[in-house]
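S.K.: Input structure: entry-v8.csv, which contains CSV, C-alpha atoms and all ligand atoms.
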chain,number,residue,atom,x,y,z
A,645,MET,CA,-28.5,-43.1,-2.5
A,646,VAL,CA,-27.1,-39.9,-1.0
A,647,VAL,CA,-29.3,-36.9,-1.8
A,648,VAL,CA,-29.4,-33.1,-1.2
A,649,GLY,CA,-30.0,-32.2,2.4
A,650,GLU,CA,-28.2,-35.3,3.7
A,651,GLU,CA,-25.3,-35.0,6.2
A,652,ILE,CA,-22.1,-36.8,5.6
A,653,THR,CA,-19.4,-37.2,8.2
A,654,PHE,CA,-15.8,-37.0,7.1
A,655,GLY,CA,-12.9,-38.0,9.3
A,656,SER,CA,-11.1,-34.7,9.5
A,657,LEU,CA,-13.6,-32.2,8.0
A,658,GLY,CA,-16.4,-33.5,10.3
A,659,PRO,CA,-20.1,-33.4,9.3
A,660,ILE,CA,-21.0,-31.7,6.1
A,661,VAL,CA,-24.5,-31.1,4.7
A,662,LEU,CA,-25.0,-31.4,0.9
A,663,ASP,CA,-26.6,-28.1,-0.2
A,664,LYS,CA,-27.3,-28.7,-3.8
A,665,LEU,CA,-26.4,-30.8,-6.9
A,666,HIS,CA,-23.5,-29.1,-8.7
A,667,ASP,CA,-22.8,-31.4,-11.6
A,668,HIS,CA,-22.8,-35.0,-12.5
A,669,GLY,CA,-20.2,-37.2,-14.1
A,670,ALA,CA,-20.3,-40.7,-15.6
A,671,ASN,CA,-20.4,-42.6,-12.3
A,672,ALA,CA,-20.6,-39.9,-9.6
A,673,ASN,CA,-22.6,-36.9,-8.6
A,674,VAL,CA,-20.9,-33.7,-7.5
A,675,PHE,CA,-22.7,-31.7,-4.8
A,676,GLU,CA,-22.0,-28.2,-3.4
A,677,ALA,CA,-21.7,-28.0,0.4
A,678,ASN,CA,-21.1,-24.9,2.5
A,679,LYS,CA,-19.5,-25.1,6.0
A,680,GLY,CA,-18.5,-21.9,7.8
A,681,SER,CA,-16.7,-19.8,5.1
A,682,ASN,CA,-15.6,-22.9,3.1
A,683,VAL,CA,-17.3,-24.2,0.0
A,684,TYR,CA,-16.7,-27.8,-0.9
A,685,ALA,CA,-17.4,-29.9,-4.0
A,686,ILE,CA,-18.4,-33.3,-2.7
A,687,LYS,CA,-18.1,-36.1,-5.3
A,688,ILE,CA,-20.2,-39.1,-4.4
A,689,HIS,CA,-19.9,-42.3,-6.4
A,690,HIS,CA,-22.8,-44.5,-7.2
A,691,ALA,CA,-23.3,-47.3,-4.8
A,692,ARG,CA,-21.2,-50.5,-5.1
A,693,SER,CA,-21.5,-53.8,-3.4
A,694,LEU,CA,-19.3,-54.4,-0.4
A,695,ILE,CA,-16.6,-57.0,-0.8
A,696,ASP,CA,-16.3,-59.1,2.4
A,697,GLU,CA,-18.0,-56.2,4.2
A,698,ILE,CA,-15.4,-53.8,2.9
A,699,PRO,CA,-16.1,-51.0,0.4
A,700,ASP,CA,-14.9,-51.5,-3.1
A,701,THR,CA,-12.4,-48.7,-4.0
A,702,SER,CA,-10.6,-50.6,-6.7
A,703,PHE,CA,-12.1,-48.5,-9.5
A,704,THR,CA,-10.7,-45.1,-8.4
A,705,ALA,CA,-7.2,-43.9,-7.5
A,706,GLU,CA,-8.6,-40.8,-6.0
A,707,VAL,CA,-9.1,-42.3,-2.5
A,708,ASP,CA,-5.4,-42.6,-2.0
A,709,LEU,CA,-3.4,-40.1,-4.1
A,710,LYS,CA,0.4,-40.0,-3.7
A,711,PHE,CA,1.0,-36.6,-5.1
A,712,LYS,CA,0.0,-33.0,-4.6
A,713,GLY,CA,0.6,-29.7,-6.4
A,714,SER,CA,-0.8,-26.1,-6.7
A,715,ARG,CA,-2.5,-26.9,-10.0
A,716,LEU,CA,-3.8,-30.3,-9.0
A,717,CYS,CA,-7.3,-30.4,-7.3
A,718,ILE,CA,-7.0,-33.4,-5.1
A,719,PRO,CA,-9.4,-34.5,-2.3
A,720,LEU,CA,-9.2,-32.9,1.1
A,721,ASP,CA,-10.9,-35.8,2.8
A,722,THR,CA,-12.6,-39.1,1.9
A,723,CYS,CA,-15.2,-41.3,3.6
A,724,HIS,CA,-17.7,-44.1,2.9
A,725,VAL,CA,-21.5,-43.9,3.1
A,726,TYR,CA,-22.8,-47.3,4.0
A,727,GLN,CA,-26.1,-48.8,3.1
A,728,ASN,CA,-25.8,-51.9,5.2
A,729,GLU,CA,-29.3,-53.2,4.5
A,730,ARG,CA,-28.3,-53.4,0.8
A,731,ASN,CA,-24.8,-54.6,1.5
A,732,LYS,CA,-23.5,-51.5,-0.5
A,733,SER,CA,-21.5,-48.4,0.1
A,734,GLN,CA,-20.7,-45.1,-1.7
A,735,ILE,CA,-17.4,-43.3,-1.8
A,736,ALA,CA,-17.6,-39.6,-0.8
A,737,LEU,CA,-14.7,-37.3,-1.6
A,738,ALA,CA,-14.5,-33.6,-0.5
A,739,PHE,CA,-12.6,-31.2,-2.8
A,740,PRO,CA,-12.2,-27.4,-2.5
A,741,MET,CA,-15.0,-26.0,-4.7
A,742,LEU,CA,-13.5,-24.3,-7.7
A,743,SER,CA,-16.0,-21.4,-7.9
A,744,ASP,CA,-15.8,-19.0,-10.8
A,745,HIS,CA,-14.2,-21.8,-12.9
A,746,MET,CA,-15.3,-23.4,-16.2
A,747,ILE,CA,-14.2,-26.6,-17.9
A,748,LEU,CA,-11.7,-26.1,-20.7
A,749,ASP,CA,-14.3,-27.6,-23.0
A,750,THR,CA,-16.3,-24.4,-22.7
A,751,VAL,CA,-13.4,-22.4,-24.0
A,752,LEU,CA,-12.7,-24.8,-26.8
A,753,GLN,CA,-16.3,-24.8,-28.0
A,754,ASP,CA,-16.3,-21.0,-28.4
A,755,ARG,CA,-12.6,-20.2,-28.8
A,756,MET,CA,-13.0,-16.8,-30.5
A,757,SER,CA,-15.0,-15.4,-27.6
A,758,TYR,CA,-11.8,-15.4,-25.5
A,759,ASP,CA,-8.8,-13.1,-26.0
A,760,LEU,CA,-5.7,-14.7,-27.4
A,761,THR,CA,-3.7,-13.5,-24.4
A,762,PHE,CA,-6.2,-15.3,-22.1
A,763,ARG,CA,-6.0,-18.5,-24.2
A,764,GLN,CA,-2.2,-18.5,-24.4
A,765,TRP,CA,-2.1,-18.2,-20.6
A,766,ILE,CA,-4.4,-21.2,-20.2
A,767,ALA,CA,-2.2,-23.2,-22.6
A,768,GLN,CA,0.9,-22.4,-20.5
A,769,GLU,CA,-0.8,-23.1,-17.2
A,770,LEU,CA,-2.0,-26.4,-18.6
A,771,VAL,CA,1.5,-27.4,-19.5
A,772,LEU,CA,2.7,-26.4,-16.0
A,773,ALA,CA,-0.1,-28.4,-14.4
A,774,VAL,CA,0.8,-31.6,-16.3
A,775,LEU,CA,4.5,-31.0,-15.6
A,776,GLU,CA,3.7,-30.8,-11.8
A,777,LEU,CA,2.0,-34.1,-12.0
A,778,HIS,CA,4.6,-35.9,-14.2
A,779,ASN,CA,7.4,-34.5,-12.1
A,780,SER,CA,5.8,-36.2,-9.1
A,781,GLY,CA,6.0,-39.5,-11.0
A,782,TRP,CA,2.3,-39.7,-11.9
A,783,LEU,CA,0.1,-39.7,-15.0
A,784,HIS,CA,-3.4,-38.3,-15.1
A,785,GLY,CA,-4.9,-41.2,-16.9
A,786,ASP,CA,-7.9,-39.2,-18.4
A,787,LEU,CA,-6.5,-35.9,-19.6
A,788,GLN,CA,-9.2,-34.2,-21.6
A,789,PRO,CA,-11.0,-30.8,-21.6
A,790,ARG,CA,-13.8,-31.9,-19.2
A,791,ASN,CA,-11.2,-32.7,-16.5
A,792,ILE,CA,-9.5,-29.3,-16.7
A,793,MET,CA,-10.9,-26.3,-14.8
A,794,VAL,CA,-10.0,-22.8,-15.9
A,795,ASN,CA,-10.4,-19.7,-13.7
A,796,LYS,CA,-12.9,-17.5,-15.6
A,797,SER,CA,-11.1,-14.2,-14.8
A,798,THR,CA,-7.4,-15.2,-14.5
A,799,GLY,CA,-7.1,-18.2,-16.9
A,800,ASP,CA,-5.3,-20.2,-14.1
A,801,VAL,CA,-5.7,-23.9,-14.5
A,802,LYS,CA,-6.4,-26.8,-12.2
A,803,LEU,CA,-6.6,-30.5,-13.1
A,804,ILE,CA,-9.4,-32.5,-11.6
A,805,ASP,CA,-10.6,-36.1,-11.7
A,806,PHE,CA,-7.7,-38.3,-10.9
A,807,GLU,CA,-9.8,-41.5,-10.8
A,808,TRP,CA,-7.6,-43.2,-13.4
A,809,SER,CA,-4.2,-41.8,-12.4
A,810,LEU,CA,-1.3,-44.2,-12.8
A,811,PRO,CA,2.3,-44.1,-11.7
A,812,ILE,CA,4.8,-43.5,-14.5
A,813,GLY,CA,6.4,-46.8,-15.4
A,814,HIS,CA,3.3,-48.8,-14.2
A,815,LYS,CA,2.9,-52.3,-15.3
A,816,GLY,CA,-0.8,-52.1,-15.8
A,817,GLY,CA,-1.6,-55.2,-17.8
A,818,SER,CA,-5.1,-54.3,-18.9
A,819,ALA,CA,-5.9,-53.9,-22.6
A,820,GLU,CA,-9.1,-52.0,-21.8
A,821,THR,CA,-9.5,-48.6,-23.5
A,822,ARG,CA,-10.6,-45.8,-21.2
A,823,GLY,CA,-11.6,-42.2,-21.7
A,824,VAL,CA,-12.8,-40.1,-24.5
A,825,GLU,CA,-11.7,-41.4,-27.9
A,826,ASP,CA,-11.0,-37.9,-29.2
A,827,TRP,CA,-8.2,-37.3,-26.7
A,828,CYS,CA,-6.7,-40.8,-26.7
A,829,ALA,CA,-3.3,-41.2,-28.3
A,830,PRO,CA,-3.1,-43.9,-31.0
A,831,GLU,CA,-1.3,-46.4,-28.7
A,832,LEU,CA,-4.2,-46.1,-26.2
A,833,LEU,CA,-6.8,-46.8,-29.0
A,834,GLN,CA,-4.7,-49.8,-30.1
A,835,PHE,CA,-3.4,-51.4,-26.9
A,836,GLY,CA,-5.4,-49.8,-24.0
A,837,ILE,CA,-4.3,-48.8,-20.6
A,838,ARG,CA,-1.2,-50.9,-20.5
A,839,ALA,CA,0.3,-48.6,-23.2
A,840,HIS,CA,-0.4,-45.4,-21.2
A,841,ARG,CA,2.8,-43.4,-20.7
A,842,SER,CA,3.9,-39.7,-20.4
A,843,GLY,CA,3.9,-39.5,-24.2
A,844,SER,CA,0.2,-40.4,-24.3
A,845,GLU,CA,-0.4,-37.3,-22.2
A,846,VAL,CA,1.9,-35.1,-24.4
A,847,TRP,CA,-0.4,-36.2,-27.2
A,848,ALA,CA,-3.6,-35.0,-25.4
A,849,LEU,CA,-2.0,-31.8,-24.3
A,850,ALA,CA,-0.5,-30.9,-27.7
A,851,ARG,CA,-3.9,-31.6,-29.3
A,852,MET,CA,-5.7,-29.4,-26.8
A,853,ILE,CA,-3.2,-26.5,-27.3
A,854,LEU,CA,-3.3,-26.8,-31.1
A,855,GLN,CA,-7.1,-26.4,-30.8
A,856,LEU,CA,-6.8,-23.5,-28.3
A,857,LEU,CA,-4.3,-21.4,-30.3
A,858,GLY,CA,-4.7,-22.7,-33.8
A,859,VAL,CA,-6.8,-21.8,-36.8
A,860,ASN,CA,-9.2,-24.4,-38.3
A,861,GLY,CA,-8.1,-27.0,-35.8
A,862,LYS,CA,-11.6,-28.4,-35.3
A,863,GLU,CA,-12.1,-29.1,-39.0
A,864,GLU,CA,-8.7,-30.8,-39.3
A,865,PHE,CA,-9.4,-33.0,-36.2
A,866,LEU,CA,-12.8,-33.9,-37.6
A,867,ARG,CA,-11.3,-34.8,-41.0
A,868,VAL,CA,-8.8,-37.2,-39.3
A,869,LYS,CA,-11.6,-38.6,-37.0
A,870,LYS,CA,-13.7,-39.4,-40.0
A,871,ILE,CA,-11.0,-41.5,-41.6
A,872,GLY,CA,-10.1,-43.0,-38.1
A,873,VAL,CA,-6.9,-42.0,-36.2
A,874,LEU,CA,-5.3,-45.4,-36.6
A,875,GLU,CA,-6.2,-45.8,-40.3
A,876,TYR,CA,-4.9,-42.3,-41.0
A,877,ALA,CA,-1.7,-43.0,-39.1
A,878,GLN,CA,-1.1,-46.1,-41.2
A,879,LYS,CA,-1.6,-44.2,-44.4
A,880,ILE,CA,0.9,-41.4,-43.6
A,881,GLY,CA,3.4,-43.5,-41.6
A,882,ALA,CA,4.0,-43.8,-37.9
A,883,SER,CA,6.7,-41.1,-37.7
A,884,GLN,CA,4.5,-38.4,-39.3
A,885,GLU,CA,2.6,-35.7,-37.6
A,886,LEU,CA,-1.1,-36.6,-37.6
A,887,TYR,CA,-2.3,-33.0,-37.6
A,888,THR,CA,-0.9,-29.8,-39.1
A,889,ILE,CA,-2.7,-26.8,-37.6
A,890,GLU,CA,-1.9,-23.2,-38.5
A,891,PRO,CA,-1.2,-21.0,-35.5
A,892,GLU,CA,-3.4,-18.0,-34.9
A,893,SER,CA,-0.4,-15.8,-34.4
A,894,SER,CA,3.0,-16.0,-36.3
A,895,GLU,CA,4.6,-15.7,-32.8
A,896,PHE,CA,3.6,-19.3,-32.2
A,897,ALA,CA,5.5,-20.7,-35.2
A,898,GLN,CA,8.2,-22.4,-33.1
A,899,LEU,CA,5.7,-23.6,-30.5
A,900,PHE,CA,3.5,-25.1,-33.1
A,901,SER,CA,6.3,-27.1,-34.8
A,902,MET,CA,7.0,-28.5,-31.4
A,903,LEU,CA,3.3,-29.3,-30.7
A,904,HIS,CA,3.1,-31.0,-34.1
A,905,ARG,CA,5.9,-33.3,-32.8
A,906,GLY,CA,3.6,-34.1,-29.9
A,907,VAL,CA,1.0,-35.6,-32.3
A,908,ILE,CA,3.2,-38.1,-34.0
A,909,THR,CA,1.7,-41.6,-34.0
A,910,ASN,CA,4.8,-43.4,-32.7
A,911,PRO,CA,5.1,-42.3,-29.0
A,912,ASN,CA,8.9,-42.6,-29.0
A,913,ASP,CA,9.1,-39.9,-31.7
A,914,ARG,CA,7.0,-37.4,-29.8
A,915,CYS,CA,8.5,-34.3,-28.1
A,916,LYS,CA,8.8,-34.1,-24.3
A,917,LEU,CA,6.7,-32.0,-22.1
A,918,ASN,CA,9.6,-29.7,-21.0
A,919,GLU,CA,10.4,-29.0,-24.7
A,920,ILE,CA,6.9,-27.6,-25.1
A,921,SER,CA,7.2,-25.7,-21.8
A,922,GLN,CA,10.5,-24.0,-22.8
A,923,LEU,CA,8.7,-22.4,-25.7
A,924,MET,CA,6.0,-20.9,-23.6
A,925,LYS,CA,7.0,-17.7,-21.8
A,926,PHE,CA,3.6,-15.9,-21.8
A,927,ASP,CA,2.7,-13.1,-19.4
A,928,ARG,CA,-0.3,-13.3,-17.1
A,929,PRO,CA,-3.2,-11.6,-19.0
A,930,ILE,CA,-4.3,-8.2,-17.7
A,931,ILE,CA,-7.5,-8.8,-15.8
A,932,LYS,CA,-10.3,-6.5,-17.0
A,933,ASN,CA,-12.6,-5.6,-14.1
A,934,GLU,CA,-16.2,-5.4,-15.0
A,935,ILE,CA,-17.5,-2.4,-13.3
A,936,SER,CA,-21.2,-1.3,-13.0
A,937,ILE,CA,-22.5,1.6,-11.0
A,938,VAL,CA,-26.1,2.0,-9.6
A,939,GLN,CA,-26.9,5.7,-9.0
A,940,ALA,CA,-28.4,6.9,-5.7
A,941,GLY,CA,-32.2,7.3,-5.7
A,942,LYS,CA,-31.9,10.9,-4.4
A,943,ARG,CA,-29.0,13.3,-4.1
A,944,LEU,CA,-28.0,14.1,-0.6
A,945,ASN,CA,-29.4,17.5,0.5
A,946,LEU,CA,-26.7,19.6,2.3
A,947,LYS,CA,-27.2,22.9,4.0
A,948,GLU,CA,-24.9,25.9,4.7
A,949,THR,CA,-24.7,24.7,8.3
A,950,THR,CA,-23.5,21.2,7.4
A,951,PHE,CA,-20.2,20.6,9.1
A,952,SER,CA,-19.5,17.1,7.9
A,953,ILE,CA,-21.1,13.8,6.8
A,954,GLN,CA,-20.6,10.2,7.7
A,955,LEU,CA,-21.2,7.4,5.2
A,956,THR,CA,-21.9,3.8,6.3
A,957,ASP,CA,-21.5,1.1,3.8
A,958,THR,CA,-23.3,-2.2,3.6
A,959,GLU,CA,-20.4,-3.9,5.4
A,960,GLY,CA,-20.7,-1.5,8.3
A,961,ASN,CA,-17.6,0.6,7.7
A,962,THR,CA,-17.9,4.3,8.2
A,963,TYR,CA,-16.2,7.1,6.3
A,964,ARG,CA,-16.1,10.8,7.3
A,965,CYS,CA,-15.9,13.8,5.0
A,966,ARG,CA,-15.7,17.6,5.9
A,967,SER,CA,-17.9,20.1,4.1
A,968,GLY,CA,-16.0,22.1,1.4
A,969,LYS,CA,-13.5,19.3,1.0
A,970,THR,CA,-12.7,16.2,-1.2
A,971,ARG,CA,-11.7,13.0,0.5
A,972,LYS,CA,-10.4,9.7,-0.9
A,973,HIS,CA,-11.5,6.5,0.9
A,974,GLU,CA,-10.2,3.0,0.3
A,975,PHE,CA,-12.5,0.1,0.0
A,976,ASN,CA,-12.4,-3.5,-1.4
A,977,LYS,CA,-9.3,-4.3,0.7
A,978,GLY,CA,-7.5,-1.2,-0.4
A,979,HIS,CA,-7.5,-2.0,-4.1
A,980,GLU,CA,-9.9,0.7,-5.2
A,981,LEU,CA,-10.5,4.3,-4.3
A,982,ILE,CA,-13.7,6.2,-4.0
A,983,GLU,CA,-13.7,9.9,-3.7
A,984,VAL,CA,-16.3,12.0,-1.9
A,985,ASP,CA,-16.5,15.6,-3.2
A,986,LEU,CA,-18.2,18.1,-0.9
A,987,LYS,CA,-16.5,21.2,-2.4
A,988,ASN,CA,-19.7,22.3,-4.0
A,989,MET,CA,-22.3,22.0,-1.2
A,990,ASP,CA,-25.2,22.3,-3.7
A,991,LYS,CA,-23.9,19.3,-5.6
A,992,PRO,CA,-22.3,16.6,-3.4
A,993,GLU,CA,-20.7,14.0,-5.6
A,994,ILE,CA,-19.0,10.6,-5.4
A,995,ILE,CA,-16.3,9.7,-7.9
A,996,PHE,CA,-15.2,6.2,-8.9
A,997,SER,CA,-13.0,5.3,-11.8
A,998,GLY,CA,-13.4,8.8,-13.2
A,999,ILE,CA,-17.2,8.6,-13.1
A,1000,ARG,CA,-18.9,11.4,-11.1
A,1001,SER,CA,-22.3,10.5,-9.6
A,1002,PRO,CA,-24.7,12.3,-7.2
A,1003,LEU,CA,-23.9,11.4,-3.6
A,1004,GLY,CA,-26.8,9.7,-1.9
A,1005,GLU,CA,-28.0,6.5,-0.2
A,1006,GLY,CA,-28.3,3.4,-2.4
A,1007,TYR,CA,-25.3,4.3,-4.6
A,1008,SER,CA,-23.4,1.1,-5.4
A,1009,ILE,CA,-20.5,-0.1,-7.4
A,1010,THR,CA,-20.1,-3.7,-8.5
A,1011,ILE,CA,-16.6,-4.9,-9.6
A,1012,ASN,CA,-16.8,-8.4,-11.0
A,1013,ASP,CA,-18.5,-10.3,-8.1
A,1014,TYR,CA,-17.8,-7.7,-5.4
A,1015,THR,CA,-20.4,-5.0,-4.5
A,1016,TRP,CA,-19.9,-1.9,-2.4
A,1017,SER,CA,-22.9,0.2,-1.5
A,1018,ILE,CA,-23.8,3.2,0.7
A,1019,GLU,CA,-26.3,2.1,3.2
A,1020,ALA,CA,-26.8,5.4,5.2
A,1021,ILE,CA,-25.5,8.9,5.3
A,1022,GLU,CA,-25.6,11.0,8.5
A,1023,VAL,CA,-25.3,14.8,8.3
A,1024,PHE,CA,-23.6,16.7,11.1
A,1025,THR,CA,-24.3,20.4,11.7
B,1101,LIG,N1,-13.6,-29.2,-7.2
B,1101,LIG,C1,-14.5,-28.9,-8.1
B,1101,LIG,N2,-15.1,-27.7,-8.2
B,1101,LIG,C2,-16.0,-27.4,-9.1
B,1101,LIG,N3,-16.5,-28.2,-10.0
B,1101,LIG,C3,-16.1,-29.5,-10.0
B,1101,LIG,C4,-15.1,-29.9,-9.1
B,1101,LIG,N4,-14.8,-31.2,-9.3
B,1101,LIG,C5,-15.6,-31.6,-10.3
B,1101,LIG,N5,-16.4,-30.6,-10.7
B,1101,LIG,C6,-17.3,-30.7,-11.8
B,1101,LIG,O1,-18.0,-31.9,-11.9
B,1101,LIG,C7,-17.7,-32.6,-13.1
B,1101,LIG,C8,-17.5,-34.1,-12.8
B,1101,LIG,O2,-16.4,-34.3,-11.9
B,1101,LIG,P1,-15.2,-35.3,-12.2
B,1101,LIG,O3,-14.3,-35.3,-11.0
B,1101,LIG,O4,-14.6,-35.0,-13.5
B,1101,LIG,O5,-16.1,-36.7,-12.2
B,1101,LIG,P2,-16.2,-37.8,-13.3
B,1101,LIG,O6,-15.2,-38.9,-12.9
B,1101,LIG,O7,-17.6,-38.3,-13.1
B,1101,LIG,O8,-16.0,-37.3,-14.7
B,1101,LIG,C9,-16.5,-31.9,-13.7
B,1101,LIG,O9,-16.4,-32.0,-15.1
B,1101,LIG,C10,-16.7,-30.5,-13.2
B,1101,LIG,O10,-17.5,-29.8,-14.1
B,1102,MG,MG,-14.4,-36.1,-15.3
In C-alpha cells, how does this file's structure come out?
Ligand SMILES: Nc1ncnc2c1ncn2[C@@H]1O[C@H](COP(=O)(O)OP(=O)(O)O)[C@@H](O)[C@H]1O
Ligand SMILES: [Mg+2]
M.R.:
Amino acid sequence: MVVVGEEITFGSLGPIVLDKLHDHGANANVFEANKGSNVYAIKIHHARSLIDEIPDTSFTAEVDLKFKGSRLCIPLDTCHVYQNERNKSQIALAFPMLSDHMILDTVLQDRMSYDLTFRQWIAQELVLAVLELHNSGWLHGDLQPRNIMVNKSTGDVKLIDFEWSLPIGHKGGSAETRGVEDWCAPELLQFGIRAHRSGSEVWALARMILQLLGVNGKEEFLRVKKIGVLEYAQKIGASQELYTIEPESSEFAQLFSMLHRGVITNPNDRCKLNEISQLMKFDRPIIKNEISIVQAGKRLNLKETTFSIQLTDTEGNTYRCRSGKTRKHEFNKGHELIEVDLKNMDKPEIIFSGIRSPLGEGYSITINDYTWSIEAIEVFT
C-alpha cells in the first residue's frame, strides 16, 4: 500500500512525494503533494492483481480520457505502483489540486448559508461544465454532488471523478447499476449502465439545480424516495414530471418549468441541456473580500528632524514616504492601495479601505488568504 511520505515517479511530472492524506473515496485515497510551486491531488487506487503481469485498468476510464475542458479536472499524468512480490499494482493519477474548493454537497446540505447570486452562478457553471463534456461526445457516468467541486469564493465549478465516463452512443451492455441512487435517473435504476445516455445526466443536473435554487426541494425528494422513484413514476405516468419544486425567486419561473421537464421519467420526453442553458444568463457574483487588520504593537515615533521613512514588508518590498506628505502604495499585485499619512508628525497613520490605524511595525492586513505586513520601518533624518 502506498502511504504518506512515499515517492512516486510519474512519466512526465517526475518524482513526487505524497505529503498528506487529503481525502478518501470508495476505492481510492487522495493525497496532497507539493512540488516546487505546484500542488497536486494524487489519487491512488487500492491494489489490484496483475493480469498476465499487466496492471488491471479495466475499472477506470480516467487512465485514458479522450476529452478536455476548462471545467473538467482531468489527470495531468498517470503511472503504476507495482508490488511485484504480491503480484499486484496500484494506479496513481496526478490532478491539479483544487485548493479553496468544496464539493457541491457542502452547499446543498446548507443551502441558505450561501447567497442566491452565488448559488445561481454555481448552477450556471454546472450546466456549462456538463455541456463542455457532452459537446466533446462524452458522458460523466457518475454525475452527483460529491463529484462536483465549487470554488469557495467565485462559485466556479469543476467536474471531477471520470472513472465511469462513457462515450455518448456507447453500446455498454452491462445491466449493473452504478452510482448513488439519489442521483440516478429511473432508466439507470431499471436497466443499469446500458441505459446511460445524455438524458440521464440532464436528470441528475436538473435535480441538483432544483435543490440548489428551489424551496422545500429536500422534503419533496425525500417524499418521492420513500415511495420509490420507479413506483412513484408508475403511479403518475411516464410522461409526468416526478418533482415539482417551487423556485426561491419568481425570476426562475421559466427556468424551473424547463428543469421540471428534465425530471420526467421517460428520457425521451426530457428537455435538452442547451434548452436549460439558454435560460441561464446569470452574472458572476460580486466577490466579497474578507478583510481583517492587526494593529501595530507601537506607533512609530517621529521627530521634527525626520526627513523620510522607509517601510519594508514581509515580502521584502520597500516603500518610501516623505515627512509632511501622504503617499499611496500599491500592494497585492496592484489590486489594493495602502496610504501612508505623515502629514501630522505626532500621529503617523496608515490607511487601508477607509480605516485609519497607527503606523508601526507589525501592522498587517489579511484579505481572504493573502496577508500583507510591515516588517520594519527605517527613519531617515
Ligand atoms: N483535484 C482535486 N482537488 C481537490 N480535491 C479532490 C480532487 N480530486 C478529488 N478530490 C477529493 O477527493 C474525493 C474523492 O475523489 P474522487 O475522484 O471523487 O474519487 P472516488 O472515485 O473515490 O469517488 C472527492 O470527493 C474530493 O473531495
Ligand atoms: Mg467521487
S.K.: Can I get the residues close to ligand MG 1102 (chain B) as a list in words, where close means within 7 Å and we count all atoms listed in the file?
M.R.: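 Selection of residues at most 7 Å from ligand MG 1102 (chain B): Gly669, Arg790, Asn791 and Asp805 of chain A.
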S.K.: Do a neighbour search on segment 920-924 of chain A at 8 Å with all atoms listed in the file, toss out local chain neighbours closer than 3 positions, and write the hits as a VMD selection string.
M.R.: chain A and resid 768 771 to 772 898 to 899 902 to 903 915 to 917
S.K.: Would you mind telling me which residue in A:Phe654, A:Phe703, A:Trp827, A:Tyr1007 lies nearest to Lys869 of chain A when using only C-alpha atoms?
M.R.: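 Smallest separation from Lys869 of chain A among the options: A:Trp827.
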S.K.: What is the atom CA of Ala672 of chain A-atom CA of Ser818 of chain A distance in Å, reported with one decimal?
M.R.: 23.1 Å
S.K.: Counting all atoms listed in the file, which residue out of A:Glu706, A:Glu885, A:Asp913, A:Asp1013 sits closest to Ser809 of chain A?
M.R.: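 Counting all atoms listed in the file, the residue closest to Ser809 of chain A is A:Glu706.
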S.K.: Return as a PyMOL selection string every polymer residue, whether protein, DNA or RNA, with at least one atom no more than 8 Å from an atom of ligand LIG 1101 (chain B); count only C-alpha atoms and all ligand atoms.
M.R.: chain A and resi 666-674+684-687+717+739-743+745-747+790-793+804-807
S.K.: Could you please determine the separation between atom CA of Gln954 of chain A and atom CA of Glu1019 of chain A in Å, to one decimal place?
M.R.: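 Atom-to-atom, atom CA of Gln954 of chain A and atom CA of Glu1019 of chain A are spaced 10.9 Å apart.
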S.K.: Just to confirm, what's the straight-line distance from atom CA of Lys942 of chain A to atom CA of Asn1012 of chain A in Å (one decimal)?
M.R.: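 Distance between the two atoms: 25.4 Å.
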S.K.: Could you tell me which of A:Arg730, A:Arg715, A:Arg763, A:Lys925 comes closest to Glu697 of chain A if we count all atoms listed in the file?
M.R.: A:Arg730
S.K.: Extract, using only C-alpha atoms, all DNA, RNA and protein residues at most 7 Å from Ile812 of chain A, discarding same-chain residues fewer than 5 positions from it, and format them as a list in words.
M.R.: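 Listed by chain and then number, they are Gly781, Trp782, Leu783 and Arg841 of chain A.
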S.K.: Under the rule that all atoms listed in the file are counted, which of A:Glu769, A:Ala738, A:Leu866, A:Gln764 is the nearest residue to Ser714 of chain A?
M.R.: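 Under the stated criterion, the closest residue is A:Glu769.
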S.K.: Would you be able to write out as an mmCIF file with C-alpha atoms, keeping the file's coordinate frame which residues have an atom within 12 Å of (-20.6, 14.8, -5.1) in the file's coordinates, counting only C-alpha atoms?
M.R.:
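point.cif, written as the output of this step:
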data_model
loop_
_atom_site.group_PDB
_atom_site.id
_atom_site.type_symbol
_atom_site.label_atom_id
_atom_site.label_comp_id
_atom_site.auth_asym_id
_atom_site.auth_seq_id
_atom_site.Cartn_x
_atom_site.Cartn_y
_atom_site.Cartn_z
ATOM 1 C CA GLN A 939 -26.900 5.700 -9.000
ATOM 2 C CA ALA A 940 -28.400 6.900 -5.700
ATOM 3 C CA LYS A 942 -31.900 10.900 -4.400
ATOM 4 C CA ARG A 943 -29.000 13.300 -4.100
ATOM 5 C CA LEU A 944 -28.000 14.100 -0.600
ATOM 6 C CA ASN A 945 -29.400 17.500 0.500
ATOM 7 C CA LEU A 946 -26.700 19.600 2.300
ATOM 8 C CA ILE A 953 -21.100 13.800 6.800
ATOM 9 C CA CYS A 965 -15.900 13.800 5.000
ATOM 10 C CA SER A 967 -17.900 20.100 4.100
ATOM 11 C CA GLY A 968 -16.000 22.100 1.400
ATOM 12 C CA LYS A 969 -13.500 19.300 1.000
ATOM 13 C CA THR A 970 -12.700 16.200 -1.200
ATOM 14 C CA ARG A 971 -11.700 13.000 0.500
ATOM 15 C CA ILE A 982 -13.700 6.200 -4.000
ATOM 16 C CA GLU A 983 -13.700 9.900 -3.700
ATOM 17 C CA VAL A 984 -16.300 12.000 -1.900
ATOM 18 C CA ASP A 985 -16.500 15.600 -3.200
ATOM 19 C CA LEU A 986 -18.200 18.100 -0.900
ATOM 20 C CA LYS A 987 -16.500 21.200 -2.400
ATOM 21 C CA ASN A 988 -19.700 22.300 -4.000
ATOM 22 C CA MET A 989 -22.300 22.000 -1.200
ATOM 23 C CA ASP A 990 -25.200 22.300 -3.700
ATOM 24 C CA LYS A 991 -23.900 19.300 -5.600
ATOM 25 C CA PRO A 992 -22.300 16.600 -3.400
ATOM 26 C CA GLU A 993 -20.700 14.000 -5.600
ATOM 27 C CA ILE A 994 -19.000 10.600 -5.400
ATOM 28 C CA ILE A 995 -16.300 9.700 -7.900
ATOM 29 C CA PHE A 996 -15.200 6.200 -8.900
ATOM 30 C CA ILE A 999 -17.200 8.600 -13.100
ATOM 31 C CA ARG A 1000 -18.900 11.400 -11.100
ATOM 32 C CA SER A 1001 -22.300 10.500 -9.600
ATOM 33 C CA PRO A 1002 -24.700 12.300 -7.200
ATOM 34 C CA LEU A 1003 -23.900 11.400 -3.600
ATOM 35 C CA GLY A 1004 -26.800 9.700 -1.900
ATOM 36 C CA TYR A 1007 -25.300 4.300 -4.600
#
